[in-house]
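**Student:** Have a look at this one.
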Amino acid sequence: MRHGSAMKHWPRSTSAGALALIASATSANAHIIGARLGDFYAGAAHPLTDLADLILWFALALLAGSLGPSAARPILLFFPLGLLAGSSVGAEVVFAPAGGLAASGMLVLLGLLLAAGLRIHRNLLCVIAFGAAAMRGASNAGGMGPETNRLLFALGIAIAGYVAIALVAAATVAFRGEETVSRGWRRIAIRALGSWIAAIGLMMGGLALAS
Amino acid sequence: MRPSLRILAAWTIVSAFFAPIAVHAHESSLGALELREVRHGAYVARWTIEPTIGAARVDLRMPPHCFFRLPELDCGEKGLVGALTIGNLGSRMSAALIKIIPMEGEARSYTITTANPTVSILGPGAPSLQSWIELGATYLNYGVDHILLGADHLLFVFGLIWIVGVGRRLIGTITAFTIGHSASLAAAAFGLVGVPERPLNACIALSIVFVGVEIVKKRRGEAGLTARYPSAVAGAFGLVHGVGFASALAGLGIESRLLPAALAFFNLGVEIGQLAFVLLTLSLLWAHRRLGAVLTGWGGLVPAYAIGSVAMFWFIGRLLRVLELD
Amino acid sequence: MSFIRRSFLLAAIASVALASPAIAHEQAGVAAGLASGVLHPLSGPDHLIAMVAVGLWGAQLGAPAIFLLPITFPLVMAIGGVLGVLRIPLPAPEAMIALSGVLLGVAVAMRLRAPFAAAAALVGLFAVFHGHAHGAELPDASDPLAYGAGFVTATGLLHGCGVALGALSRWPVGERLIQGLGAAIALLGGYFLATGLGVAI
């Protein structure tokens, strides 16, 4: 990029601004958005109102980012595709009782991988990303009503997933720094965050078993 | 070349192709209700523009002290004062204009939109602070919604960012676009310029085709018009897009004394929505560079051709409507 | 570049303002769950002092403990949390939590250089009890997932406080301060233990 000098300063505030936008959407009701802005935005807002989606997406993007840009790049393709696939079959396949357990299992898996600092193969990461995305896409398809345009709704979910994954993975790559630069405590911080995620997943699993 | 480098391009195409559907969904019906006072506190209600869902299916809720059964509305001694709301606004009926004609004094208009589904009706006299706040909230939200659903405007802004790149020049370009569309929006809203809607929409589509061509030129290393004079091009096309914004306001039929305020808040809403879109695009561009998912080689041309073909598709469709072949 | 930075701020504020009418309608459950989860570890002083003590001790022990601690503690605590959610009773949970304050406080005050495995086993045992106490309240929360996320975050931040305070140990005066803090924690823990047993008897 030619504007290299200007570039250095804005990424952090850019992502901060974008995250603030996403966070504010969290508190808005997806259905209100649907009435105001149509089914595309309703689909995009639906996962952002669900904490299980937020944590799972964040965990996946964190894992992808912590493995470096080359591992994170294919996720930009596989994750939205998985969401699209999941939300298009989701309306037919009902697996609500197992949904909570599957999501918490996925959280535990992602959290443990992060906490252990394992360098898993990028193909395995793709499989995990696609699986997690398909699962959450199917769960989010439950937000469609009988009058919802399903294509627009599913597309909204996929685009929201794409944006969220790209931003969080890039922020993680920026935070963790290059391989050559020693930033010990930052990697520890990422691993600690992973163990928090696994802990949340464990308790969710417990709750799903209890109820 | 690695396939992952084309991801951004692929998603641009996918989202661009479905954008027309979103735009189409936005062109939903308006309703206009006229309430004419026949004796003190009693009105005759009539839909001057009947919503497509049918007058009977509108869930119109009057203040609780009023008795309402179309076409009769009786509010007794207190008169028509209080909250008026429509319970079932949605994608099939997005806004309603309520016009109240009292026996004495001027007629008053209120706009109910999905963003602001309740209005409070005040007695005769000057508008109070409450009604100004209500007006501001209504038109601010309406402006935000309008730009977020206007895929053609967003696509044009996306093209500008793509050509100009990140830096100080982008601020100037976006500012010029803003000044351009604000000026023509104001001019059109006050009736200083009148452009027929159908040819205008075709022109807006053509402006996006132009941006697509300019991206291809930039990719080939030629300095196009936009690359050399970005602010001038953005300002000029801003004029065209602004007239387009005005047609959204015209459909609501605002009272003339409220028009300047409504226009200001609508414009502010449009800018907020546009700024949010620019920020999101910039952060996505940063994220892709950070992850090394940058378009190289012919992959860099894909977004340009995607933008160009979608815009051309719109242009032909809108041109057919101008020629009334549709 | 300050222009861009300022505009981000503006956009963020505007977006929050725009979303605010919608906030009133929905997501009260998530916000309430998150708030109660974050506040739960902070509102119980017996939990709070023990978490800070864990961070302090980790900082005193140095290299492996200081970074293994924040990674493993939440996991072990979550296992206790699952036991709590499933209503599997543990013996004398209140007393054990108070006791953890006493023992960890004493360890910090005496600069006990226990072998890593022993320290990990002790902290892990207490982590199960702490998690159990939080987990028992989880199913009653307005949004259980938000509650869980909130309390894990609060616990992690308390550790962070302990570790950050532990950085004082680079200076001799700071080292004394930390030992004093440990002693205070041990005394408070002793008080909670005494009152807890007194109520029990």
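Residues in the structure tokens are named by chain (A, B, ... in the order shown) and by number from 1 within that chain; ligands are numbered from 1 in the order shown.
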Extract, using only C-alpha atoms, all DNA, RNA and protein residues at most 10 Å from B:Ala205, discarding same-chain residues fewer than 5 positions from it, and format them as number ranges by chain.
**Tutor:** B: 152-153, 155-156, 199-200, 210, 241, 308, 310-319
**Student:** Could you dump the residues just selected with N, CA and C atoms as a PDB file, in the first residue's frame?
**Tutor:**
```
ATOM      1  N   ASP B 152     -27.588   0.694  -3.978  1.00  0.00           N
ATOM      2  CA  ASP B 152     -26.901   1.387  -5.082  1.00  0.00           C
ATOM      3  C   ASP B 152     -25.977   2.489  -4.551  1.00  0.00           C
ATOM      4  N   HIS B 153     -26.469   3.231  -3.516  1.00  0.00           N
ATOM      5  CA  HIS B 153     -25.610   4.272  -2.936  1.00  0.00           C
ATOM      6  C   HIS B 153     -24.387   3.652  -2.262  1.00  0.00           C
ATOM      7  N   LEU B 155     -22.976   0.806  -2.850  1.00  0.00           N
ATOM      8  CA  LEU B 155     -22.053   0.233  -3.828  1.00  0.00           C
ATOM      9  C   LEU B 155     -21.181   1.336  -4.444  1.00  0.00           C
ATOM     10  N   PHE B 156     -21.778   2.506  -4.678  1.00  0.00           N
ATOM     11  CA  PHE B 156     -21.025   3.630  -5.225  1.00  0.00           C
ATOM     12  C   PHE B 156     -19.922   4.058  -4.244  1.00  0.00           C
ATOM     13  N   PRO B 199     -35.723   8.395 -14.956  1.00  0.00           N
ATOM     14  CA  PRO B 199     -34.419   8.633 -15.583  1.00  0.00           C
ATOM     15  C   PRO B 199     -33.321   8.851 -14.538  1.00  0.00           C
ATOM     16  N   LEU B 200     -33.704   9.468 -13.411  1.00  0.00           N
ATOM     17  CA  LEU B 200     -32.727   9.720 -12.350  1.00  0.00           C
ATOM     18  C   LEU B 200     -32.162   8.413 -11.817  1.00  0.00           C
ATOM     19  N   PHE B 210     -19.815   3.569 -14.073  1.00  0.00           N
ATOM     20  CA  PHE B 210     -18.657   4.423 -14.278  1.00  0.00           C
ATOM     21  C   PHE B 210     -17.547   4.089 -13.271  1.00  0.00           C
ATOM     22  N   HIS B 241     -26.983  11.513  -6.721  1.00  0.00           N
ATOM     23  CA  HIS B 241     -27.509  10.623  -5.679  1.00  0.00           C
ATOM     24  C   HIS B 241     -28.421  11.381  -4.721  1.00  0.00           C
ATOM     25  N   GLY B 308     -19.593  -3.501 -11.723  1.00  0.00           N
ATOM     26  CA  GLY B 308     -20.025  -3.040 -13.034  1.00  0.00           C
ATOM     27  C   GLY B 308     -21.212  -3.819 -13.552  1.00  0.00           C
ATOM     28  N   VAL B 310     -23.476  -5.685 -11.888  1.00  0.00           N
ATOM     29  CA  VAL B 310     -24.690  -5.463 -11.103  1.00  0.00           C
ATOM     30  C   VAL B 310     -25.291  -4.116 -11.476  1.00  0.00           C
ATOM     31  N   ALA B 311     -24.429  -3.080 -11.566  1.00  0.00           N
ATOM     32  CA  ALA B 311     -24.924  -1.744 -11.879  1.00  0.00           C
ATOM     33  C   ALA B 311     -25.525  -1.701 -13.276  1.00  0.00           C
ATOM     34  N   MET B 312     -24.905  -2.424 -14.204  1.00  0.00           N
ATOM     35  CA  MET B 312     -25.416  -2.453 -15.574  1.00  0.00           C
ATOM     36  C   MET B 312     -26.785  -3.140 -15.619  1.00  0.00           C
ATOM     37  N   PHE B 313     -26.899  -4.201 -14.821  1.00  0.00           N
ATOM     38  CA  PHE B 313     -28.171  -4.921 -14.699  1.00  0.00           C
ATOM     39  C   PHE B 313     -29.261  -3.963 -14.208  1.00  0.00           C
ATOM     40  N   TRP B 314     -28.920  -3.183 -13.172  1.00  0.00           N
ATOM     41  CA  TRP B 314     -29.867  -2.183 -12.672  1.00  0.00           C
ATOM     42  C   TRP B 314     -30.187  -1.165 -13.757  1.00  0.00           C
ATOM     43  N   PHE B 315     -29.132  -0.700 -14.430  1.00  0.00           N
ATOM     44  CA  PHE B 315     -29.308   0.360 -15.422  1.00  0.00           C
ATOM     45  C   PHE B 315     -30.285  -0.071 -16.507  1.00  0.00           C
ATOM     46  N   ILE B 316     -30.076  -1.296 -17.018  1.00  0.00           N
ATOM     47  CA  ILE B 316     -30.948  -1.762 -18.103  1.00  0.00           C
ATOM     48  C   ILE B 316     -32.388  -1.872 -17.605  1.00  0.00           C
ATOM     49  N   GLY B 317     -32.527  -2.436 -16.382  1.00  0.00           N
ATOM     50  CA  GLY B 317     -33.863  -2.570 -15.814  1.00  0.00           C
ATOM     51  C   GLY B 317     -34.550  -1.219 -15.666  1.00  0.00           C
ATOM     52  N   ARG B 318     -33.793  -0.231 -15.175  1.00  0.00           N
ATOM     53  CA  ARG B 318     -34.379   1.089 -14.944  1.00  0.00           C
ATOM     54  C   ARG B 318     -34.626   1.825 -16.249  1.00  0.00           C
ATOM     55  N   LEU B 319     -33.769   1.562 -17.234  1.00  0.00           N
ATOM     56  CA  LEU B 319     -33.951   2.197 -18.545  1.00  0.00           C
ATOM     57  C   LEU B 319     -35.238   1.701 -19.187  1.00  0.00           C
TER      58      LEU B 319
END
```
**Student:** Please provide the set of residues having any atom within 9 Å of stretch 142-158 of chain C, restricted to only C-alpha atoms, with same-chain residues fewer than 2 positions apart removed, written as a PDB file with N, CA and C atoms, in the first residue's frame.
**Tutor:**
```pdb
ATOM      1  N   LEU A  51     -25.647 -14.838  22.750  1.00  0.00           N
ATOM      2  CA  LEU A  51     -24.323 -14.888  23.363  1.00  0.00           C
ATOM      3  C   LEU A  51     -23.559 -16.152  22.970  1.00  0.00           C
ATOM      4  N   ALA A  52     -24.284 -17.264  22.765  1.00  0.00           N
ATOM      5  CA  ALA A  52     -23.615 -18.507  22.380  1.00  0.00           C
ATOM      6  C   ALA A  52     -22.897 -18.321  21.043  1.00  0.00           C
ATOM      7  N   ILE A  55     -19.743 -15.879  21.517  1.00  0.00           N
ATOM      8  CA  ILE A  55     -18.572 -16.495  22.150  1.00  0.00           C
ATOM      9  C   ILE A  55     -17.944 -17.514  21.200  1.00  0.00           C
ATOM     10  N   ALA A 192      -4.873 -17.814  27.968  1.00  0.00           N
ATOM     11  CA  ALA A 192      -5.744 -17.671  29.139  1.00  0.00           C
ATOM     12  C   ALA A 192      -7.187 -17.434  28.699  1.00  0.00           C
ATOM     13  N   LEU A 193      -7.346 -16.609  27.667  1.00  0.00           N
ATOM     14  CA  LEU A 193      -8.684 -16.349  27.126  1.00  0.00           C
ATOM     15  C   LEU A 193      -9.316 -17.662  26.652  1.00  0.00           C
ATOM     16  N   TRP A 196     -10.695 -19.526  29.508  1.00  0.00           N
ATOM     17  CA  TRP A 196     -11.963 -18.942  29.950  1.00  0.00           C
ATOM     18  C   TRP A 196     -13.087 -19.481  29.076  1.00  0.00           C
ATOM     19  N   ILE A 197     -12.811 -19.517  27.764  1.00  0.00           N
ATOM     20  CA  ILE A 197     -13.838 -19.982  26.827  1.00  0.00           C
ATOM     21  C   ILE A 197     -14.212 -21.432  27.126  1.00  0.00           C
ATOM     22  N   ALA A 199     -13.916 -22.912  29.927  1.00  0.00           N
ATOM     23  CA  ALA A 199     -14.633 -22.958  31.205  1.00  0.00           C
ATOM     24  C   ALA A 199     -16.111 -22.624  31.006  1.00  0.00           C
ATOM     25  N   ILE A 200     -16.375 -21.597  30.198  1.00  0.00           N
ATOM     26  CA  ILE A 200     -17.767 -21.225  29.911  1.00  0.00           C
ATOM     27  C   ILE A 200     -18.474 -22.388  29.218  1.00  0.00           C
ATOM     28  N   GLY A 201     -17.771 -23.023  28.264  1.00  0.00           N
ATOM     29  CA  GLY A 201     -18.339 -24.159  27.550  1.00  0.00           C
ATOM     30  C   GLY A 201     -18.658 -25.309  28.479  1.00  0.00           C
ATOM     31  N   MET A 203     -19.402 -25.209  31.653  1.00  0.00           N
ATOM     32  CA  MET A 203     -20.578 -24.948  32.470  1.00  0.00           C
ATOM     33  C   MET A 203     -21.859 -24.994  31.645  1.00  0.00           C
ATOM     34  N   MET A 204     -21.770 -24.532  30.394  1.00  0.00           N
ATOM     35  CA  MET A 204     -22.949 -24.615  29.518  1.00  0.00           C
ATOM     36  C   MET A 204     -23.339 -26.058  29.301  1.00  0.00           C
ATOM     37  N   LEU A 207     -25.061 -27.339  32.305  1.00  0.00           N
ATOM     38  CA  LEU A 207     -26.436 -26.831  32.363  1.00  0.00           C
ATOM     39  C   LEU A 207     -27.338 -27.589  31.392  1.00  0.00           C
TER      40      LEU A 207
ATOM     41  N   ALA C  28     -32.713  -7.689  28.147  1.00  0.00           N
ATOM     42  CA  ALA C  28     -32.583  -7.405  29.563  1.00  0.00           C
ATOM     43  C   ALA C  28     -32.030  -8.648  30.251  1.00  0.00           C
ATOM     44  N   GLY C  29     -32.418  -9.827  29.743  1.00  0.00           N
ATOM     45  CA  GLY C  29     -31.942 -11.079  30.321  1.00  0.00           C
ATOM     46  C   GLY C  29     -30.449 -11.222  30.224  1.00  0.00           C
ATOM     47  N   VAL C  30     -29.883 -10.928  29.040  1.00  0.00           N
ATOM     48  CA  VAL C  30     -28.437 -11.059  28.838  1.00  0.00           C
ATOM     49  C   VAL C  30     -27.706 -10.085  29.745  1.00  0.00           C
ATOM     50  N   ALA C  31     -28.163  -8.827  29.756  1.00  0.00           N
ATOM     51  CA  ALA C  31     -27.483  -7.809  30.546  1.00  0.00           C
ATOM     52  C   ALA C  31     -27.539  -8.162  32.027  1.00  0.00           C
ATOM     53  N   ALA C  32     -28.728  -8.589  32.471  1.00  0.00           N
ATOM     54  CA  ALA C  32     -28.881  -8.916  33.886  1.00  0.00           C
ATOM     55  C   ALA C  32     -28.029 -10.122  34.251  1.00  0.00           C
ATOM     56  N   GLY C  33     -28.014 -11.129  33.355  1.00  0.00           N
ATOM     57  CA  GLY C  33     -27.225 -12.327  33.613  1.00  0.00           C
ATOM     58  C   GLY C  33     -25.748 -12.002  33.697  1.00  0.00           C
ATOM     59  N   LEU C  34     -25.284 -11.176  32.750  1.00  0.00           N
ATOM     60  CA  LEU C  34     -23.883 -10.787  32.701  1.00  0.00           C
ATOM     61  C   LEU C  34     -23.515 -10.022  33.962  1.00  0.00           C
ATOM     62  N   ALA C  35     -24.392  -9.065  34.329  1.00  0.00           N
ATOM     63  CA  ALA C  35     -24.106  -8.231  35.496  1.00  0.00           C
ATOM     64  C   ALA C  35     -24.046  -9.087  36.751  1.00  0.00           C
ATOM     65  N   SER C  36     -25.025 -10.000  36.907  1.00  0.00           N
ATOM     66  CA  SER C  36     -25.034 -10.796  38.132  1.00  0.00           C
ATOM     67  C   SER C  36     -23.847 -11.746  38.159  1.00  0.00           C
ATOM     68  N   GLY C  37     -23.438 -12.240  36.971  1.00  0.00           N
ATOM     69  CA  GLY C  37     -22.274 -13.123  36.906  1.00  0.00           C
ATOM     70  C   GLY C  37     -20.999 -12.407  37.291  1.00  0.00           C
ATOM     71  N   VAL C  38     -20.849 -11.166  36.776  1.00  0.00           N
ATOM     72  CA  VAL C  38     -19.635 -10.402  37.085  1.00  0.00           C
ATOM     73  C   VAL C  38     -19.619 -10.034  38.571  1.00  0.00           C
ATOM     74  N   LEU C  39     -20.796  -9.673  39.079  1.00  0.00           N
ATOM     75  CA  LEU C  39     -20.858  -9.180  40.458  1.00  0.00           C
ATOM     76  C   LEU C  39     -20.743 -10.308  41.477  1.00  0.00           C
ATOM     77  N   HIS C  40     -21.119 -11.534  41.071  1.00  0.00           N
ATOM     78  CA  HIS C  40     -21.164 -12.605  42.068  1.00  0.00           C
ATOM     79  C   HIS C  40     -19.823 -12.852  42.754  1.00  0.00           C
ATOM     80  N   PRO C  41     -18.721 -13.014  41.982  1.00  0.00           N
ATOM     81  CA  PRO C  41     -17.439 -13.205  42.657  1.00  0.00           C
ATOM     82  C   PRO C  41     -16.994 -11.960  43.428  1.00  0.00           C
ATOM     83  N   LEU C  42     -17.453 -10.788  42.989  1.00  0.00           N
ATOM     84  CA  LEU C  42     -17.016  -9.544  43.616  1.00  0.00           C
ATOM     85  C   LEU C  42     -17.800  -9.264  44.888  1.00  0.00           C
ATOM     86  N   LEU C  48     -13.551 -13.188  46.898  1.00  0.00           N
ATOM     87  CA  LEU C  48     -12.710 -12.125  46.369  1.00  0.00           C
ATOM     88  C   LEU C  48     -11.290 -12.215  46.912  1.00  0.00           C
ATOM     89  N   MET C  51      -9.317 -15.215  45.529  1.00  0.00           N
ATOM     90  CA  MET C  51      -8.878 -15.066  44.127  1.00  0.00           C
ATOM     91  C   MET C  51      -7.655 -14.162  44.030  1.00  0.00           C
ATOM     92  N   VAL C  52      -7.691 -13.057  44.786  1.00  0.00           N
ATOM     93  CA  VAL C  52      -6.540 -12.154  44.774  1.00  0.00           C
ATOM     94  C   VAL C  52      -5.308 -12.871  45.329  1.00  0.00           C
ATOM     95  N   GLY C  55      -3.640 -15.024  42.759  1.00  0.00           N
ATOM     96  CA  GLY C  55      -2.805 -14.228  41.861  1.00  0.00           C
ATOM     97  C   GLY C  55      -1.494 -13.826  42.508  1.00  0.00           C
ATOM     98  N   PRO C  70      -3.299 -18.694  35.389  1.00  0.00           N
ATOM     99  CA  PRO C  70      -4.503 -18.132  34.749  1.00  0.00           C
ATOM    100  C   PRO C  70      -5.074 -19.025  33.656  1.00  0.00           C
ATOM    101  N   PHE C  73      -6.592 -22.452  36.069  1.00  0.00           N
ATOM    102  CA  PHE C  73      -7.561 -22.212  37.133  1.00  0.00           C
ATOM    103  C   PHE C  73      -9.006 -22.159  36.641  1.00  0.00           C
ATOM    104  N   PRO C  74      -9.315 -21.370  35.586  1.00  0.00           N
ATOM    105  CA  PRO C  74     -10.718 -21.310  35.134  1.00  0.00           C
ATOM    106  C   PRO C  74     -11.268 -22.683  34.763  1.00  0.00           C
ATOM    107  N   MET C  77     -11.964 -24.631  37.902  1.00  0.00           N
ATOM    108  CA  MET C  77     -13.110 -23.995  38.545  1.00  0.00           C
ATOM    109  C   MET C  77     -14.406 -24.386  37.833  1.00  0.00           C
ATOM    110  N   ALA C  78     -14.339 -24.468  36.476  1.00  0.00           N
ATOM    111  CA  ALA C  78     -15.522 -24.820  35.701  1.00  0.00           C
ATOM    112  C   ALA C  78     -15.986 -26.234  36.024  1.00  0.00           C
ATOM    113  N   HIS C 134     -20.360 -20.912  42.718  1.00  0.00           N
ATOM    114  CA  HIS C 134     -20.918 -20.097  41.630  1.00  0.00           C
ATOM    115  C   HIS C 134     -21.894 -20.915  40.803  1.00  0.00           C
ATOM    116  N   GLY C 135     -21.516 -22.157  40.536  1.00  0.00           N
ATOM    117  CA  GLY C 135     -22.307 -22.998  39.646  1.00  0.00           C
ATOM    118  C   GLY C 135     -23.681 -23.297  40.217  1.00  0.00           C
ATOM    119  N   LEU C 138     -26.097 -20.884  39.038  1.00  0.00           N
ATOM    120  CA  LEU C 138     -26.205 -20.693  37.591  1.00  0.00           C
ATOM    121  C   LEU C 138     -27.597 -20.959  37.019  1.00  0.00           C
ATOM    122  N   PRO C 139     -28.231 -22.109  37.376  1.00  0.00           N
ATOM    123  CA  PRO C 139     -29.518 -22.394  36.722  1.00  0.00           C
ATOM    124  C   PRO C 139     -30.598 -21.371  37.055  1.00  0.00           C
ATOM    125  N   ASP C 140     -30.432 -20.624  38.162  1.00  0.00           N
ATOM    126  CA  ASP C 140     -31.462 -19.653  38.541  1.00  0.00           C
ATOM    127  C   ASP C 140     -31.240 -18.295  37.888  1.00  0.00           C
ATOM    128  N   GLY C 160      -5.865 -11.406  37.568  1.00  0.00           N
ATOM    129  CA  GLY C 160      -5.023 -10.386  36.928  1.00  0.00           C
ATOM    130  C   GLY C 160      -4.608  -9.330  37.936  1.00  0.00           C
ATOM    131  N   CYS C 161      -5.569  -8.903  38.787  1.00  0.00           N
ATOM    132  CA  CYS C 161      -5.254  -7.916  39.827  1.00  0.00           C
ATOM    133  C   CYS C 161      -4.166  -8.459  40.751  1.00  0.00           C
ATOM    134  N   GLY C 162      -4.347  -9.736  41.146  1.00  0.00           N
ATOM    135  CA  GLY C 162      -3.365 -10.346  42.040  1.00  0.00           C
ATOM    136  C   GLY C 162      -1.989 -10.393  41.406  1.00  0.00           C
ATOM    137  N   VAL C 163      -1.937 -10.834  40.129  1.00  0.00           N
ATOM    138  CA  VAL C 163      -0.651 -10.950  39.424  1.00  0.00           C
ATOM    139  C   VAL C 163      -0.013  -9.569  39.281  1.00  0.00           C
TER     140      VAL C 163
END
```
**Student:** Could you pull out all residues of stretch 55-266 of chain B with a DSSP call of strand (DSSP E or B) and give them as a ChimeraX atom specification?
**Tutor:** /B:60-61,67-69,72-74,82-86,90,93-101,108-113,116,118-121
**Student:** Can you tell me, as a ChimeraX atom specification, what residues are no more than 6 Å from stretch 268-276 of chain B when counting only C-alpha atoms, ignoring any on the same chain fewer than 6 positions away?
**Tutor:** /B:140,143-144,147
**Student:** Any chance you can output those residues with C-alpha atoms as a compact mmCIF listing (two decimals), in the first residue's frame?
**Tutor:**
```txt
# COMPACT_ATOMS: atom_id res chain seq x y z
CA LEU B 140 -32.91 10.61 11.78
CA GLY B 143 -32.36 8.57 7.02
CA VAL B 144 -30.24 5.79 8.52
CA ILE B 147 -29.02 4.63 3.26
```
**Student:** From stretch 60-115 of chain C, collect each residue whose DSSP state is helix (DSSP H, G or I) and return the set as a ChimeraX atom specification.
**Tutor:** /C:60-61,63-85,93-109
**Student:** Could you please determine the separation between atom CA of C:Pro93 and atom CA of C:Met110 in Å, to one decimal place?
**Tutor:** 25.7 Å
**Student:** Could you check how far atom CA of C:Leu193 sits from atom CA of C:Ile66, in Å to one decimal?
**Tutor:**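 Atom CA of C:Ile66 lies 27.6 Å from atom CA of C:Leu193.
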**Student:** Between atom CA of C:Ala119 and atom CA of C:Ala194, what distance in Å does the model show, to one decimal?
**Tutor:** 24.6 Å
